[in-house]
$ cat structure14.txt   # compact mmCIF, C-alpha atoms
# COMPACT_ATOMS: atom_id res chain seq x y z
CA MET R 187 48.76 61.96 -105.36
CA SER R 188 46.33 60.94 -102.64
CA GLN R 189 47.31 64.06 -100.65
CA ALA R 190 46.33 66.30 -103.55
CA VAL R 191 42.98 64.54 -103.90
CA TYR R 192 42.23 64.83 -100.18
CA ILE R 193 43.08 68.53 -99.96
CA LEU R 194 41.06 69.36 -103.09
CA CYS R 195 38.09 67.42 -101.73
CA ALA R 196 38.49 69.17 -98.37
CA ILE R 197 38.46 72.59 -100.07
CA THR R 198 35.39 71.68 -102.17
CA SER R 199 33.54 70.49 -99.05
CA LEU R 200 34.54 73.62 -97.18
CA VAL R 201 33.18 75.83 -99.99
CA CYS R 202 29.88 73.90 -99.85
CA THR R 203 29.77 74.27 -96.06
CA VAL R 204 30.32 78.02 -96.21
CA LEU R 205 27.72 78.54 -98.96
CA LEU R 206 25.08 76.46 -97.17
CA VAL R 207 25.65 78.07 -93.77
CA ARG R 208 25.63 81.53 -95.36
CA ALA R 209 22.27 80.77 -97.02
CA TYR R 210 20.92 79.27 -93.79
CA ARG R 211 21.72 82.47 -91.90
CA GLN R 212 19.68 84.38 -94.46
CA ASN R 213 16.58 82.23 -94.88
CA ARG R 214 16.58 79.84 -91.89
CA VAL R 215 15.60 76.84 -94.00
CA PRO R 216 16.52 73.88 -91.73
CA LEU R 217 17.59 71.65 -94.66
CA LEU R 218 20.48 74.05 -95.31
CA PHE R 219 21.62 73.76 -91.69
CA TRP R 220 21.78 69.96 -91.82
CA SER R 221 23.39 69.98 -95.27
CA GLY R 222 25.96 72.45 -94.00
CA LEU R 223 26.82 70.12 -91.12
CA CYS R 224 27.12 67.21 -93.57
CA PHE R 225 29.64 69.08 -95.70
CA LEU R 226 31.45 70.15 -92.53
CA GLY R 227 31.77 66.43 -91.72
CA LEU R 228 33.10 65.71 -95.20
CA THR R 229 35.53 68.64 -94.85
CA VAL R 230 36.83 67.20 -91.59
CA GLU R 231 37.09 63.74 -93.13
CA ASN R 232 39.18 64.86 -96.09
CA PHE R 233 41.30 67.21 -94.02
CA VAL R 234 42.10 64.52 -91.45
CA LEU R 235 43.04 62.09 -94.23
CA PHE R 236 45.21 64.80 -95.80
CA LEU R 237 47.01 65.41 -92.49
CA ASP R 238 47.36 61.68 -92.04
CA LYS R 239 49.18 61.39 -95.40
CA THR R 240 51.35 64.50 -95.22
CA VAL R 241 51.99 65.85 -91.75
CA PHE R 242 52.02 62.63 -89.74
CA PRO R 243 52.83 59.88 -92.24
CA ASP R 244 54.60 57.80 -89.60
CA VAL R 245 51.90 57.85 -86.96
CA ASP R 246 49.67 54.81 -86.83
CA LEU R 247 46.85 55.74 -89.16
CA THR R 248 44.10 53.48 -87.88
CA MET R 249 42.84 56.04 -85.39
CA SER R 250 42.77 59.06 -87.70
CA VAL R 251 41.19 57.07 -90.52
CA ARG R 252 38.51 55.99 -88.11
CA ILE R 253 37.92 59.56 -86.90
CA ALA R 254 37.67 60.71 -90.53
CA ALA R 255 35.23 57.94 -91.40
CA LEU R 256 33.03 58.75 -88.39
CA ALA R 257 33.03 62.47 -89.28
CA ALA R 258 31.76 61.63 -92.76
CA LEU R 259 29.16 59.16 -91.49
CA GLY R 260 27.94 61.55 -88.79
CA GLY R 261 27.60 64.34 -91.33
CA LEU R 262 25.64 62.12 -93.70
CA ALA R 263 23.32 60.99 -90.92
CA LEU R 264 22.50 64.65 -90.18
CA LEU R 265 21.96 65.34 -93.89
CA ILE R 266 19.53 62.45 -94.23
CA PHE R 267 17.74 63.61 -91.08
CA GLY R 268 17.37 67.04 -92.64
CA MET R 269 16.14 65.56 -95.92
CA VAL R 270 13.54 63.39 -94.20
CA TRP R 271 12.24 66.26 -92.06
CA LYS R 272 12.20 68.73 -94.93
CA ASP R 273 8.73 70.25 -94.94
CA LYS R 274 7.13 72.66 -97.29
CA MET K 221 17.75 93.19 -94.48
CA ALA K 222 16.55 93.33 -90.87
CA GLU K 223 19.33 92.10 -88.67
CA GLU K 224 17.89 93.11 -85.30
CA PHE K 225 14.59 91.37 -86.02
CA PRO K 226 13.98 88.94 -83.10
CA ASP K 227 15.13 85.48 -84.11
CA ASN K 228 12.14 83.61 -82.68
CA ILE K 229 9.67 85.82 -84.52
CA ARG K 230 11.64 85.45 -87.73
CA ARG K 231 11.50 81.69 -87.36
CA PHE K 232 7.82 81.71 -86.46
CA ILE K 233 7.05 83.69 -89.62
CA THR K 234 9.16 81.62 -92.00
CA GLU K 235 7.81 78.36 -90.59
CA ASN K 236 4.12 79.29 -90.73
CA PHE K 237 3.44 81.83 -93.46
CA THR K 238 3.91 81.38 -97.18
CA SER K 239 2.02 84.53 -98.12
CA VAL K 240 1.09 87.90 -96.69
CA GLU K 241 -2.54 87.11 -97.42
CA GLN K 242 -2.38 84.16 -95.05
CA LEU K 243 -0.98 86.40 -92.33
CA GLU K 244 -3.69 89.02 -93.00
CA ALA K 245 -6.34 86.30 -92.73
CA LEU K 246 -5.02 85.15 -89.36
CA LEU K 247 -4.86 88.68 -87.94
CA LEU K 248 -8.35 89.42 -89.22
CA LEU K 249 -9.79 86.41 -87.38
CA ARG K 250 -7.74 87.25 -84.31
CA ALA K 251 -9.26 90.74 -84.17
CA ASP K 252 -12.51 89.22 -82.90
CA PRO K 253 -12.05 85.75 -81.39
CA GLU K 254 -15.80 85.43 -80.77
CA ARG K 255 -16.73 85.83 -84.39
CA THR K 256 -16.85 82.81 -86.73
CA TRP K 257 -16.00 83.09 -90.41
CA ASP K 258 -16.62 80.97 -93.48
CA ALA K 259 -14.60 81.07 -96.69
CA ALA K 260 -17.05 83.35 -98.51
CA GLU K 261 -16.95 86.01 -95.78
CA LEU K 262 -13.17 85.90 -95.59
CA SER K 263 -12.82 86.14 -99.35
CA GLN K 264 -14.95 89.31 -99.32
CA ALA K 265 -12.94 90.83 -96.51
CA LEU K 266 -9.61 90.07 -98.20
CA TYR K 267 -10.76 90.59 -101.81
CA THR K 268 -9.71 87.08 -102.87
CA GLN K 269 -11.29 84.04 -104.45
CA PRO K 270 -13.47 81.94 -102.08
CA GLU K 271 -11.38 78.87 -103.00
CA ALA K 272 -8.19 80.64 -101.94
CA ALA K 273 -9.84 81.80 -98.71
CA ALA K 274 -11.01 78.25 -97.97
CA MET K 275 -7.46 77.00 -98.48
CA ARG K 276 -6.02 79.66 -96.15
CA LEU K 277 -8.54 78.80 -93.42
CA ALA K 278 -7.92 75.07 -93.67
CA ASP K 279 -4.17 75.62 -93.57
CA LEU K 280 -4.36 77.95 -90.56
CA ARG K 281 -6.57 75.42 -88.80
CA GLY K 282 -4.04 72.66 -89.58
CA ARG K 283 -1.36 74.79 -87.93
CA GLY K 284 -3.41 75.05 -84.74
CA PHE K 285 -4.43 78.72 -85.00
CA LEU K 286 -8.15 78.17 -85.63
CA THR K 287 -10.92 75.78 -84.72
CA ALA K 288 -13.70 74.79 -87.09
CA GLU K 289 -17.28 73.77 -86.51
CA GLY K 290 -20.18 72.71 -88.70
CA ALA K 291 -20.40 71.88 -92.39
CA PRO K 292 -19.62 73.91 -94.38
CA ALA K 293 -17.03 74.82 -91.78
CA ARG K 294 -17.06 78.09 -89.90
CA TYR K 295 -13.73 79.07 -88.37
CA ARG K 296 -12.84 80.89 -85.21
CA TYR K 297 -9.51 82.19 -83.86
CA ARG K 298 -8.53 79.85 -81.05
CA PRO K 299 -4.82 78.92 -80.82
CA ALA K 300 -4.19 75.34 -79.75
CA ASN K 301 -2.09 76.46 -76.77
CA SER K 302 -1.06 79.59 -74.92
CA GLU K 303 2.45 79.57 -76.40
CA LEU K 304 1.01 79.72 -79.91
CA ALA K 305 -1.30 82.55 -78.83
CA ARG K 306 1.65 84.44 -77.40
CA GLN K 307 3.62 84.07 -80.63
CA VAL K 308 0.71 85.40 -82.66
CA ASP K 309 0.34 88.36 -80.27
CA LEU K 310 4.04 89.16 -80.74
CA LEU K 311 3.69 88.78 -84.47
CA ALA K 312 0.70 91.11 -84.54
CA ASP K 313 2.74 93.78 -82.73
CA VAL K 314 5.67 93.36 -85.08
CA TYR K 315 3.38 93.46 -88.11
CA ARG K 316 1.81 96.70 -86.91
CA GLU K 317 5.13 98.39 -86.21
CA ARG K 318 7.31 96.98 -88.97
CA ARG K 319 5.01 95.86 -91.72
CA VAL K 320 7.53 96.22 -94.56
CA THR K 321 10.10 94.10 -92.77
CA VAL K 322 7.60 91.30 -92.16
CA ILE K 323 6.37 91.38 -95.77
CA THR K 324 9.93 91.32 -97.08
CA LEU K 325 10.68 88.35 -94.86
CA ILE K 326 7.68 86.39 -96.15
CA TYR K 327 8.51 87.13 -99.78
CA SER K 328 12.20 86.33 -99.42
CA ARG K 329 11.38 82.92 -98.04
CA PRO K 330 12.00 80.21 -100.66
CA ALA K 331 8.85 78.25 -101.39
CA ASP K 332 10.68 74.92 -101.30
CA PRO K 333 13.63 73.81 -99.13
CA ALA K 334 15.13 71.94 -102.08
CA GLN K 335 15.09 75.14 -104.11
CA ALA K 336 16.72 76.93 -101.19
CA PHE K 337 19.46 74.29 -101.24
CA ALA K 338 20.10 74.80 -104.94
CA ASP K 339 20.02 78.59 -104.58
CA ALA K 340 22.58 78.43 -101.78
CA PHE K 341 25.19 77.57 -104.43
CA ARG K 342 24.53 80.73 -106.39
CA LEU K 343 27.46 82.98 -105.56
CA ARG K 344 26.05 86.21 -106.94
CA LYS K 345 23.02 87.36 -105.05
CA GLU K 346 20.21 88.61 -107.27
CA LYS K 347 18.99 92.00 -106.14
CA MET B 129 34.31 47.94 -86.84
CA ASP B 130 35.87 49.73 -89.84
CA GLU B 131 33.91 47.61 -92.29
CA LEU B 132 30.74 48.44 -90.40
CA ILE B 133 31.47 52.18 -90.71
CA LEU B 134 32.36 51.80 -94.39
CA GLY B 135 29.17 49.91 -95.13
CA ALA B 136 27.01 52.38 -93.22
CA THR B 137 28.68 55.30 -94.99
CA ALA B 138 28.18 53.67 -98.40
CA MET B 139 24.49 53.22 -97.60
CA ALA B 140 24.19 56.79 -96.27
CA PHE B 141 25.72 58.23 -99.46
CA ALA B 142 23.31 56.10 -101.51
CA VAL B 143 20.27 57.26 -99.52
CA ALA B 144 21.34 60.91 -99.78
CA SER B 145 21.85 60.36 -103.51
CA LEU B 146 18.25 59.16 -103.85
CA PHE B 147 16.99 62.24 -102.01
CA PHE B 148 18.96 64.48 -104.38
CA LEU B 149 17.34 62.56 -107.25
CA ARG B 150 13.94 63.36 -105.79
CA PHE B 151 14.85 67.04 -105.38
CA TRP B 152 15.90 66.99 -109.04
CA ARG B 153 12.48 65.65 -109.99
CA ASP B 154 10.74 68.22 -107.77
CA THR B 155 12.64 71.31 -108.90
CA GLY B 156 14.12 70.34 -112.28
CA ASP B 157 17.40 71.90 -111.13
CA ARG B 158 20.44 70.21 -112.74
CA LEU B 159 22.48 70.85 -109.61
CA PHE B 160 20.62 68.00 -107.90
CA ALA B 161 21.29 65.56 -110.74
CA LEU B 162 25.01 66.27 -110.42
CA PHE B 163 24.90 66.02 -106.61
CA ALA B 164 22.99 62.73 -106.89
CA PHE B 165 25.62 61.34 -109.25
CA ALA B 166 28.47 62.59 -107.05
CA PHE B 167 26.98 60.98 -103.93
CA LEU B 168 26.33 57.74 -105.81
CA LEU B 169 29.99 57.63 -106.87
CA MET B 170 31.07 58.25 -103.27
CA SER B 171 28.88 55.36 -102.24
CA CYS B 172 30.56 53.15 -104.85
CA GLY B 173 33.95 54.36 -103.60
CA ARG B 174 33.17 53.17 -100.07
CA VAL B 175 32.00 49.80 -101.34
CA GLY B 176 35.18 49.52 -103.41
CA PHE B 177 37.30 50.43 -100.42
CA GLY B 178 35.52 47.87 -98.27
CA LEU B 179 36.13 45.15 -100.85
CA THR B 180 39.81 45.96 -101.46
CA GLN B 181 41.03 46.92 -98.01
CA ASP B 182 43.98 44.56 -98.20
CA GLN B 183 44.91 45.40 -101.79
CA GLU B 184 46.98 48.59 -101.86
CA GLU B 185 47.21 48.51 -105.65
CA ALA B 186 43.47 49.17 -106.00
CA HIS B 187 43.57 52.36 -103.97
CA PRO B 188 44.76 54.83 -106.65
CA TYR B 189 41.56 54.11 -108.58
CA LEU B 190 39.55 54.85 -105.47
CA TYR B 191 41.34 58.20 -105.01
CA LEU B 192 40.39 58.95 -108.60
CA LEU B 193 36.78 58.03 -107.90
CA ARG B 194 36.75 60.34 -104.88
CA PHE B 195 38.36 63.08 -106.95
CA PHE B 196 35.79 62.60 -109.71
CA SER B 197 32.89 62.75 -107.20
CA PHE B 198 34.04 66.06 -105.78
CA SER B 199 34.74 67.35 -109.30
CA LEU B 200 31.07 66.78 -110.05
CA ILE B 201 30.15 68.99 -107.11
CA VAL B 202 32.50 71.70 -108.41
CA VAL B 203 30.91 71.31 -111.85
CA ALA B 204 27.46 71.63 -110.26
CA ILE B 205 28.43 74.88 -108.49
CA VAL B 206 30.06 76.34 -111.62
CA ASP B 207 27.05 75.31 -113.69
CA LYS B 208 24.72 76.94 -111.18
CA ASN B 209 26.57 80.22 -111.54
CA ARG B 210 26.92 80.13 -115.33
CA SER B 211 23.31 79.49 -116.21
CA ARG B 212 21.04 82.49 -115.92
CA PRO B 213 19.10 82.07 -112.68
CA PRO B 214 15.32 82.24 -113.02
CA SER B 215 14.23 85.63 -111.74
CA ALA B 216 13.13 85.10 -108.17
$ encode --input "structure14.txt" --output "structure tokens"
Amino acid sequence: MSQAVYILCAITSLVCTVLLVRAYRQNRVPLLFWSGLCFLGLTVENFVLFLDKTVFPDVDLTMSVRIAALAALGGLALLIFGMVWKDK
Amino acid sequence: MAEEFPDNIRRFITENFTSVEQLEALLLLRADPERTWDAAELSQALYTQPEAAAMRLADLRGRGFLTAEGAPARYRYRPANSELARQVDLLADVYRERRVTVITLIYSRPADPAQAFADAFRLRKEK
Amino acid sequence: MDELILGATAMAFAVASLFFLRFWRDTGDRLFALFAFAFLLMSCGRVGFGLTQDQEEAHPYLYLLRFFSFSLIVVAIVDKNRSRPPSA
């Protein structure tokens, strides 16, 4: 069950990433760039957790969970940076 | 739209100009750097309201393109640094040669980054 | 270390949620309300995970919370594409 949740969340994040980056390439609004990176981080997080549960269930999961958590946190930090620097 | 448009010019335009009128105002002042303008004179030259012209001038000054002196203020084209001056020179060339592309770029720019974020999730592009 | 990352991530989701709330106020676009709610739930999920790290039995609920958060983002995207966009 957790695998299904992780892969669905990874796909959702990936869709958001693609849409935001696509829009950024068109209008160059920096907020979209940072948001895109945030969703990329969340995509990586969910995908790593998915791999952790399915492909390598026997490998010690501490490391991959930590990588996933840092990907999410890093992405969010960039998003907040983009939100704070958003100018009209 | 205009794929081969130089990236730095594209960025310079989207970061600094919210309307074509604002760009016209800047290029008008640039045409004669020695001349000073007040809002009333600019509004006559651009056929706009004096209040709108005053806003454009103040905004352009805030962005480092103009200096102001006296009260009520008279403005003069004097970029804050040579890099800014160079960018405006490039922009003036591009605007002369590819006016439609520049105007399209200014109008396609979302007024608000938040709105741009929301619009990014619209899958169908409105023509 | 892991608790530190979890706590920071919970806070980051909460801060991003508040920004989305502000964008909602600025633009009146429902998409931001749904994003704000989704990010708030993700923040709660991290807090829940931090509090129950040793209790495996609590985790299915947290998967559900994560699933629900990302569902809200899907709902937001679908909603964005169903409603007639204001003519630009």
$ interface_residues --input "structure14.txt" --of "chain R" --to "chain K" --cutoff "7 Å" --atoms "only C-alpha atoms" --output "list in words"
Leu205, Leu206, Ala209, Asn213, Val215, Leu217, Leu218, Lys272 and Lys274 of chain R
$ write_last_selection --input "structure14.txt" --atoms "C-alpha atoms" --output "compact mmCIF listing (two decimals), in the coordinates of the input"
# COMPACT_ATOMS: atom_id res chain seq x y z
CA LEU R 205 27.72 78.54 -98.96
CA LEU R 206 25.08 76.46 -97.17
CA ALA R 209 22.27 80.77 -97.02
CA ASN R 213 16.58 82.23 -94.88
CA VAL R 215 15.60 76.84 -94.00
CA LEU R 217 17.59 71.65 -94.66
CA LEU R 218 20.48 74.05 -95.31
CA LYS R 272 12.20 68.73 -94.93
CA LYS R 274 7.13 72.66 -97.29
$ atom_distance --input "structure14.txt" --atom1 "CA of Arg296 (chain K)" --atom2 "CA of Glu241 (chain K)"
17.1 Å
$ residues_near_point --input "structure14.txt" --point "(18.9, 54.8, -103.9)" --cutoff "12 Å" --atoms "all atoms listed in the file" --output "ChimeraX atom specification"
/B:138-150,164-165,167-169,171-172
$ write_last_selection --input "structure14.txt" --atoms "C-alpha atoms" --output "short mmCIF file (atom, residue, chain, number, x, y, z; two decimals), in the frame of the given file"
data_model
loop_
_atom_site.label_atom_id
_atom_site.label_comp_id
_atom_site.auth_asym_id
_atom_site.auth_seq_id
_atom_site.Cartn_x
_atom_site.Cartn_y
_atom_site.Cartn_z
CA ALA B 138 28.18 53.67 -98.40
CA MET B 139 24.49 53.22 -97.60
CA ALA B 140 24.19 56.79 -96.27
CA PHE B 141 25.72 58.23 -99.46
CA ALA B 142 23.31 56.10 -101.51
CA VAL B 143 20.27 57.26 -99.52
CA ALA B 144 21.34 60.91 -99.78
CA SER B 145 21.85 60.36 -103.51
CA LEU B 146 18.25 59.16 -103.85
CA PHE B 147 16.99 62.24 -102.01
CA PHE B 148 18.96 64.48 -104.38
CA LEU B 149 17.34 62.56 -107.25
CA ARG B 150 13.94 63.36 -105.79
CA ALA B 164 22.99 62.73 -106.89
CA PHE B 165 25.62 61.34 -109.25
CA PHE B 167 26.98 60.98 -103.93
CA LEU B 168 26.33 57.74 -105.81
CA LEU B 169 29.99 57.63 -106.87
CA SER B 171 28.88 55.36 -102.24
CA CYS B 172 30.56 53.15 -104.85
#
$ closest_residue --input "structure14.txt" --among "B:Leu162, B:Val175, B:Ala186, B:Leu192" --to "chain R" --atoms "all atoms listed in the file"
B:Leu192
$ interface_residues --input "structure14.txt" --of "chain B" --to "chain R" --cutoff "6 Å" --atoms "all atoms listed in the file" --output "PyMOL selection string"
chain B and resi 137+195+198
$ interface_residues --input "structure14.txt" --of "chain B" --to "chain K" --cutoff "7 Å" --atoms "all atoms listed in the file" --output "list of chain:residue names"
B:Phe151, B:Thr155, B:Leu159, B:Ile205, B:Lys208, B:Asn209
$ atom_distance --input "structure14.txt" --atom1 "CA of Ala272 (chain K)" --atom2 "CA of Val308 (chain K)"
21.8 Å
$ atom_distance --input "structure14.txt" --atom1 "CA of Gly268 (chain R)" --atom2 "CA of Gly156 (chain B)"
20.2 Å
$ closest_residue --input "structure14.txt" --among "K:Leu304, K:Ala293, K:Ile233, K:Val322" --to "Glu261 (chain K)" --atoms "all atoms listed in the file"
K:Ala293
$ axis_aligned_box --input "structure14.txt" --around "region 193-212 of chain R" --padding-each-side "6 Å" --output "lines of an AutoDock Vina configuration file"
center_x = 31.4
center_y = 75.9
center_z = -97.5
size_x = 35.4
size_y = 29.0
size_z = 23.2
$ residues_near_point --input "structure14.txt" --point "(-1.6, 91.8, -83.9)" --cutoff "12 Å" --atoms "all atoms listed in the file" --output "list in words"
Leu243, Glu244, Ala245, Leu246, Leu247, Leu248, Leu249, Arg250, Ala251, Asp252, Ala305, Arg306, Gln307, Val308, Asp309, Leu310, Leu311, Ala312, Asp313, Val314, Tyr315, Arg316, Glu317, Arg318 and Arg319 of chain K
$ closest_residue --input "structure14.txt" --among "B:Asp154, B:Leu132, B:Tyr189, B:Ile201" --to "Phe225 (chain R)" --atoms "all atoms listed in the file"
B:Ile201
$ build_atoms --input "structure14.txt" --residues "region 273-289 of chain K" --atoms "N, CA and C atoms" --output "PDB file, keeping the file's coordinate frame"
ATOM      1  N   ALA K 273      -9.529  81.534-100.115  1.00  0.00           N
ATOM      2  CA  ALA K 273      -9.840  81.800 -98.710  1.00  0.00           C
ATOM      3  C   ALA K 273     -10.065  80.491 -97.957  1.00  0.00           C
ATOM      4  N   ALA K 274     -10.765  79.544 -98.608  1.00  0.00           N
ATOM      5  CA  ALA K 274     -11.010  78.250 -97.970  1.00  0.00           C
ATOM      6  C   ALA K 274      -9.697  77.526 -97.683  1.00  0.00           C
ATOM      7  N   MET K 275      -8.765  77.635 -98.647  1.00  0.00           N
ATOM      8  CA  MET K 275      -7.460  77.000 -98.480  1.00  0.00           C
ATOM      9  C   MET K 275      -6.700  77.624 -97.307  1.00  0.00           C
ATOM     10  N   ARG K 276      -6.708  78.953 -97.243  1.00  0.00           N
ATOM     11  CA  ARG K 276      -6.020  79.660 -96.150  1.00  0.00           C
ATOM     12  C   ARG K 276      -6.586  79.209 -94.788  1.00  0.00           C
ATOM     13  N   LEU K 277      -7.904  79.166 -94.693  1.00  0.00           N
ATOM     14  CA  LEU K 277      -8.540  78.800 -93.420  1.00  0.00           C
ATOM     15  C   LEU K 277      -8.178  77.381 -93.014  1.00  0.00           C
ATOM     16  N   ALA K 278      -8.239  76.466 -93.986  1.00  0.00           N
ATOM     17  CA  ALA K 278      -7.920  75.070 -93.670  1.00  0.00           C
ATOM     18  C   ALA K 278      -6.465  74.943 -93.225  1.00  0.00           C
ATOM     19  N   ASP K 279      -5.588  75.688 -93.911  1.00  0.00           N
ATOM     20  CA  ASP K 279      -4.170  75.620 -93.570  1.00  0.00           C
ATOM     21  C   ASP K 279      -3.922  76.189 -92.173  1.00  0.00           C
ATOM     22  N   LEU K 280      -4.543  77.324 -91.877  1.00  0.00           N
ATOM     23  CA  LEU K 280      -4.360  77.950 -90.560  1.00  0.00           C
ATOM     24  C   LEU K 280      -4.919  77.048 -89.452  1.00  0.00           C
ATOM     25  N   ARG K 281      -6.009  76.357 -89.778  1.00  0.00           N
ATOM     26  CA  ARG K 281      -6.570  75.420 -88.800  1.00  0.00           C
ATOM     27  C   ARG K 281      -5.592  74.267 -88.554  1.00  0.00           C
ATOM     28  N   GLY K 282      -5.003  73.761 -89.682  1.00  0.00           N
ATOM     29  CA  GLY K 282      -4.040  72.660 -89.580  1.00  0.00           C
ATOM     30  C   GLY K 282      -2.833  73.035 -88.731  1.00  0.00           C
ATOM     31  N   ARG K 283      -2.509  74.329 -88.706  1.00  0.00           N
ATOM     32  CA  ARG K 283      -1.360  74.790 -87.930  1.00  0.00           C
ATOM     33  C   ARG K 283      -1.737  75.110 -86.484  1.00  0.00           C
ATOM     34  N   GLY K 284      -3.003  74.900 -86.145  1.00  0.00           N
ATOM     35  CA  GLY K 284      -3.410  75.050 -84.740  1.00  0.00           C
ATOM     36  C   GLY K 284      -3.829  76.454 -84.346  1.00  0.00           C
ATOM     37  N   PHE K 285      -4.032  77.359 -85.331  1.00  0.00           N
ATOM     38  CA  PHE K 285      -4.430  78.720 -85.000  1.00  0.00           C
ATOM     39  C   PHE K 285      -5.954  78.854 -84.839  1.00  0.00           C
ATOM     40  N   LEU K 286      -6.695  78.031 -85.588  1.00  0.00           N
ATOM     41  CA  LEU K 286      -8.150  78.170 -85.630  1.00  0.00           C
ATOM     42  C   LEU K 286      -8.828  76.861 -85.245  1.00  0.00           C
ATOM     43  N   THR K 287     -10.082  76.978 -84.838  1.00  0.00           N
ATOM     44  CA  THR K 287     -10.920  75.780 -84.720  1.00  0.00           C
ATOM     45  C   THR K 287     -12.054  75.919 -85.730  1.00  0.00           C
ATOM     46  N   ALA K 288     -12.617  74.776 -86.101  1.00  0.00           N
ATOM     47  CA  ALA K 288     -13.700  74.790 -87.090  1.00  0.00           C
ATOM     48  C   ALA K 288     -14.891  74.059 -86.523  1.00  0.00           C
ATOM     49  N   GLU K 289     -16.090  74.507 -86.922  1.00  0.00           N
ATOM     50  CA  GLU K 289     -17.280  73.770 -86.510  1.00  0.00           C
ATOM     51  C   GLU K 289     -18.296  73.800 -87.647  1.00  0.00           C
TER      52      GLU K 289
END
